[in-house]
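Below is upload21.txt, which holds compact mmCIF, C-alpha atoms.
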```
# COMPACT_ATOMS: atom_id res chain seq x y z
CA MET B 1 -20.08 -5.71 39.18
CA LEU B 2 -20.02 -5.26 35.38
CA ARG B 3 -20.55 -1.53 35.88
CA ARG B 4 -17.53 -1.33 38.19
CA ILE B 5 -15.36 -3.23 35.67
CA VAL B 6 -16.40 -1.02 32.75
CA LEU B 7 -15.91 2.18 34.75
CA TRP B 8 -12.64 0.87 36.25
CA ASP B 9 -13.94 1.55 39.74
CA TYR B 10 -11.54 -0.68 41.69
CA GLN B 11 -8.68 0.69 43.79
CA ARG B 12 -5.11 -0.35 43.07
CA GLY B 13 -3.92 -3.24 45.15
CA VAL B 14 -7.19 -5.14 45.35
CA TRP B 15 -7.46 -8.49 43.63
CA GLN B 16 -10.17 -7.30 41.23
CA TYR B 17 -7.84 -4.61 39.87
CA ASP B 18 -5.11 -7.21 39.32
CA VAL B 19 -7.53 -9.53 37.50
CA ILE B 20 -8.66 -6.76 35.16
CA CYS B 21 -5.03 -5.87 34.38
CA VAL B 22 -4.20 -9.51 33.62
CA VAL B 23 -7.23 -9.80 31.33
CA ILE B 24 -6.18 -6.66 29.43
CA VAL B 25 -2.61 -7.88 29.01
CA LEU B 26 -3.81 -11.31 27.84
CA PHE B 27 -6.10 -9.63 25.34
CA ILE B 28 -3.33 -7.40 23.99
CA PHE B 29 -0.86 -10.23 23.46
CA GLY B 30 -3.30 -13.06 22.79
CA ALA B 31 -5.78 -11.57 20.35
CA PRO B 32 -5.37 -12.88 16.78
CA ARG B 33 -4.08 -10.40 14.21
CA ASP B 34 -7.08 -11.14 12.01
CA TRP B 35 -9.41 -9.42 14.45
CA PHE B 36 -7.76 -6.07 13.76
CA HIS B 37 -6.72 -6.61 10.13
CA ASP B 38 -3.11 -6.20 11.25
CA TRP B 39 -1.32 -7.40 8.13
CA PRO B 40 2.40 -7.13 7.59
CA LYS B 41 3.49 -4.02 5.80
CA ILE B 42 5.16 -4.30 2.44
CA PRO B 43 8.89 -4.02 2.96
CA ASN B 44 10.49 -1.04 1.33
CA ALA B 45 7.18 0.30 0.05
CA ALA B 46 8.68 3.80 -0.11
CA GLU B 47 11.06 2.53 -2.77
CA ILE B 48 8.20 2.42 -5.28
CA THR B 49 6.37 5.51 -6.51
CA SER B 50 3.32 5.46 -8.74
CA LEU B 51 3.45 7.83 -11.72
CA PRO B 52 0.57 8.97 -13.93
CA ALA B 53 -0.64 6.30 -16.36
CA HIS B 54 0.42 6.71 -19.95
CA GLN B 55 -1.13 5.00 -23.01
CA GLY B 56 -2.97 2.35 -21.00
CA GLU B 57 0.09 1.34 -18.97
CA SER B 58 0.76 2.21 -15.37
CA GLU B 59 4.20 3.61 -14.67
CA PHE B 60 6.18 3.19 -11.47
CA TYR B 61 9.49 4.64 -10.36
CA ILE B 62 11.50 1.99 -8.53
CA GLU B 63 14.64 2.64 -6.49
CA THR B 64 17.87 1.09 -7.73
CA GLU B 65 18.49 -0.94 -4.57
CA LEU B 66 15.19 -2.80 -4.88
CA VAL B 67 15.79 -3.76 -8.50
CA ASN B 68 19.44 -4.70 -7.98
CA ALA B 69 18.47 -7.02 -5.11
CA ILE B 70 16.52 -9.22 -7.55
CA PRO B 71 18.33 -11.47 -10.06
CA GLU B 72 18.00 -10.10 -13.59
CA ASP B 73 16.18 -13.13 -14.99
CA LYS B 74 13.46 -12.87 -12.28
CA ARG B 75 13.01 -9.08 -12.14
CA LEU B 76 9.81 -8.77 -14.13
CA VAL B 77 8.01 -11.49 -12.17
CA GLU B 78 9.26 -10.45 -8.70
CA LEU B 79 8.61 -6.74 -9.22
CA GLY B 80 5.15 -7.65 -10.52
CA ARG B 81 4.50 -9.46 -7.24
CA VAL B 82 5.72 -6.49 -5.21
CA LEU B 83 3.51 -4.10 -7.18
CA THR B 84 0.52 -6.42 -6.87
CA ALA B 85 1.00 -6.58 -3.10
CA ARG B 86 1.42 -2.82 -2.84
CA THR B 87 -1.49 -1.75 -5.02
CA GLN B 88 -3.81 -4.68 -4.20
CA LYS B 89 -4.36 -5.05 -7.96
CA LYS B 90 -2.90 -7.66 -10.26
CA ARG B 91 0.07 -6.10 -12.07
CA VAL B 92 2.10 -7.59 -14.90
CA ILE B 93 5.29 -5.70 -15.65
CA THR B 94 5.94 -5.53 -19.38
CA ARG B 95 9.32 -3.82 -19.28
CA ILE B 96 11.81 -2.01 -17.06
CA GLU B 97 13.89 0.93 -18.26
CA PRO B 98 16.84 2.37 -16.34
CA LEU B 99 17.04 6.10 -15.63
CA TYR B 100 20.45 7.72 -15.89
CA ASP B 101 21.89 10.89 -14.38
CA SER B 102 24.24 13.31 -16.16
CA GLU B 103 27.21 11.02 -15.45
CA GLN B 104 25.42 8.02 -16.99
CA GLU B 105 24.94 6.28 -13.63
CA VAL B 106 21.66 4.50 -12.96
CA THR B 107 19.53 6.50 -10.51
CA GLY B 108 16.39 4.38 -10.66
CA TYR B 109 14.12 2.44 -12.94
CA LEU B 110 10.82 3.01 -14.68
CA ALA B 111 8.60 -0.05 -14.65
CA PHE B 112 5.68 -0.25 -17.04
CA ALA B 113 2.80 -2.47 -15.95
CA LYS B 114 -0.53 -3.59 -17.32
CA PRO B 115 -3.42 -4.54 -15.08
```
The structure given in the file should be rewritten as structure tokens.
Amino acid sequence: MLRRIVLWDYQRGVWQYDVICVVIVLFIFGAPRDWFHDWPKIPNAAEITSLPAHQGESEFYIETELVNAIPEDKRLVELGRVLTARTQKKRVITRIEPLYDSEQEVTGYLAFAKP
């Protein structure tokens, strides 16, 4: 019987086929996420780009929308949390510098972080 289940040897319409289908559906929707390491993705991860390290500090380019969504007094701490979640390494942001285009509009930010 186990051989027939593994090889899916039952015809459609028989009760054994229906039982196997129900077991598969229950497994798909009932299995815990931990079994498959299915962790939530970091929202807006594409808004952060890692740049080459410079003088012992890691540099990151961060999109304007992500920075502007965080209150100014909490930016260093919140962006540090986002970077820590993204890189899986503890990051402490020391400073954030805006990048300007030719018309002096902010196009993004450079964040400097220490491990």
- Query: Expressed in Å to a single decimal, how great is the separation between atom CA of B:Asp73 and atom CA of B:Thr49?
  - Reply: 22.7 Å
- Item | Counting all atoms listed in the file, the option among B:Ile48, B:Val14, B:Cys21, B:Val6 closest to B:Ala85 |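 Closest to B:Ala85, using all atoms listed in the file: B:Ile48.
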Give me, as a short mmCIF file (atom, residue, chain, number, x, y, z; two decimals) with C-alpha atoms, in the frame of the given file, all polymer residues having an atom no more than 10 Å from stretch 52-56 of chain B, counting all atoms listed in the file and skipping those fewer than 2 positions away in the same chain.
```
data_model
loop_
_atom_site.label_atom_id
_atom_site.label_comp_id
_atom_site.auth_asym_id
_atom_site.auth_seq_id
_atom_site.Cartn_x
_atom_site.Cartn_y
_atom_site.Cartn_z
CA SER B 50 3.32 5.46 -8.74
CA SER B 58 0.76 2.21 -15.37
CA GLU B 59 4.20 3.61 -14.67
CA PHE B 60 6.18 3.19 -11.47
CA PHE B 112 5.68 -0.25 -17.04
CA ALA B 113 2.80 -2.47 -15.95
CA LYS B 114 -0.53 -3.59 -17.32
CA PRO B 115 -3.42 -4.54 -15.08
#
```
- Find the spatial neighbours of B:Leu2, counting only C-alpha atoms, within a cut-off of 12 Å - ignore same-chain residues fewer than 6 positions away - and output them as a list in words.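 Selected residues are Trp8, Asp9, Tyr10, Gln16 and Ile20 of chain B.
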Please save C-alpha atoms of the selected residues as an mmCIF file, in the coordinates of the input.
```cif
data_model
loop_
_atom_site.group_PDB
_atom_site.id
_atom_site.type_symbol
_atom_site.label_atom_id
_atom_site.label_comp_id
_atom_site.auth_asym_id
_atom_site.auth_seq_id
_atom_site.Cartn_x
_atom_site.Cartn_y
_atom_site.Cartn_z
ATOM 1 C CA TRP B 8 -12.640 0.870 36.250
ATOM 2 C CA ASP B 9 -13.940 1.550 39.740
ATOM 3 C CA TYR B 10 -11.540 -0.680 41.690
ATOM 4 C CA GLN B 16 -10.170 -7.300 41.230
ATOM 5 C CA ILE B 20 -8.660 -6.760 35.160
#
```
- Selected residue, from B:Leu7, B:Ile24, B:Ile70, B:Leu79, that lies nearest to B:Thr94 when counting all atoms listed in the file: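 Result for the nearest residue to B:Thr94: B:Leu79.
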- Can you tell me, as a PyMOL selection string, what residues are no more than 10 Å from B:Tyr109 when counting all atoms listed in the file, ignoring any on the same chain fewer than 3 positions away? chain B and resi 48+60-64+66-67+96-100+106+112
- Query: Pick the closest to B:Lys74 from B:Phe29, B:Glu57, B:Ile93, B:Gly108: which is it, counting only C-alpha atoms?
  - Reply: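 Between B:Phe29, B:Glu57, B:Ile93, B:Gly108, the residue approaching B:Lys74 most closely is B:Ile93.
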Complete the atom set of stretch 55-74 of chain B to N, CA and C atoms and return it as an mmCIF file, in the coordinates of the input.
```
data_model
loop_
_atom_site.group_PDB
_atom_site.id
_atom_site.type_symbol
_atom_site.label_atom_id
_atom_site.label_comp_id
_atom_site.auth_asym_id
_atom_site.auth_seq_id
_atom_site.Cartn_x
_atom_site.Cartn_y
_atom_site.Cartn_z
ATOM 1 N N GLN B 55 -0.763 5.911 -21.921
ATOM 2 C CA GLN B 55 -1.130 5.000 -23.010
ATOM 3 C C GLN B 55 -1.577 3.629 -22.504
ATOM 4 N N GLY B 56 -2.420 3.600 -21.492
ATOM 5 C CA GLY B 56 -2.970 2.350 -21.000
ATOM 6 C C GLY B 56 -2.056 1.561 -20.078
ATOM 7 N N GLU B 57 -0.838 2.026 -19.872
ATOM 8 C CA GLU B 57 0.090 1.340 -18.970
ATOM 9 C C GLU B 57 0.309 2.191 -17.728
ATOM 10 N N SER B 58 0.395 1.521 -16.610
ATOM 11 C CA SER B 58 0.760 2.210 -15.370
ATOM 12 C C SER B 58 2.272 2.307 -15.315
ATOM 13 N N GLU B 59 2.757 3.426 -14.798
ATOM 14 C CA GLU B 59 4.200 3.610 -14.670
ATOM 15 C C GLU B 59 4.560 3.746 -13.203
ATOM 16 N N PHE B 60 5.694 3.145 -12.847
ATOM 17 C CA PHE B 60 6.180 3.190 -11.470
ATOM 18 C C PHE B 60 7.663 3.509 -11.483
ATOM 19 N N TYR B 61 8.065 4.393 -10.584
ATOM 20 C CA TYR B 61 9.490 4.640 -10.360
ATOM 21 C C TYR B 61 9.922 3.701 -9.258
ATOM 22 N N ILE B 62 11.002 2.959 -9.506
ATOM 23 C CA ILE B 62 11.500 1.990 -8.530
ATOM 24 C C ILE B 62 12.954 2.311 -8.220
ATOM 25 N N GLU B 63 13.269 2.361 -6.927
ATOM 26 C CA GLU B 63 14.640 2.640 -6.490
ATOM 27 C C GLU B 63 15.610 1.570 -6.986
ATOM 28 N N THR B 64 16.831 1.977 -7.201
ATOM 29 C CA THR B 64 17.870 1.090 -7.730
ATOM 30 C C THR B 64 18.131 -0.092 -6.815
ATOM 31 N N GLU B 65 18.164 0.128 -5.509
ATOM 32 C CA GLU B 65 18.490 -0.940 -4.570
ATOM 33 C C GLU B 65 17.494 -2.099 -4.637
ATOM 34 N N LEU B 66 16.212 -1.765 -4.811
ATOM 35 C CA LEU B 66 15.190 -2.800 -4.880
ATOM 36 C C LEU B 66 15.362 -3.651 -6.130
ATOM 37 N N VAL B 67 15.631 -3.020 -7.251
ATOM 38 C CA VAL B 67 15.790 -3.760 -8.500
ATOM 39 C C VAL B 67 17.070 -4.577 -8.490
ATOM 40 N N ASN B 68 18.161 -3.991 -7.992
ATOM 41 C CA ASN B 68 19.440 -4.700 -7.980
ATOM 42 C C ASN B 68 19.449 -5.895 -7.032
ATOM 43 N N ALA B 69 18.537 -5.912 -6.064
ATOM 44 C CA ALA B 69 18.470 -7.020 -5.110
ATOM 45 C C ALA B 69 17.824 -8.264 -5.731
ATOM 46 N N ILE B 70 17.210 -8.107 -6.896
ATOM 47 C CA ILE B 70 16.520 -9.220 -7.550
ATOM 48 C C ILE B 70 17.358 -9.670 -8.742
ATOM 49 N N PRO B 71 17.574 -10.982 -8.902
ATOM 50 C CA PRO B 71 18.330 -11.470 -10.060
ATOM 51 C C PRO B 71 17.674 -11.009 -11.365
ATOM 52 N N GLU B 72 18.491 -10.707 -12.353
ATOM 53 C CA GLU B 72 18.000 -10.100 -13.590
ATOM 54 C C GLU B 72 16.958 -10.961 -14.312
ATOM 55 N N ASP B 73 17.115 -12.268 -14.281
ATOM 56 C CA ASP B 73 16.180 -13.130 -14.990
ATOM 57 C C ASP B 73 14.816 -13.244 -14.287
ATOM 58 N N LYS B 74 14.713 -12.778 -13.036
ATOM 59 C CA LYS B 74 13.460 -12.870 -12.280
ATOM 60 C C LYS B 74 12.860 -11.491 -11.986
#
```
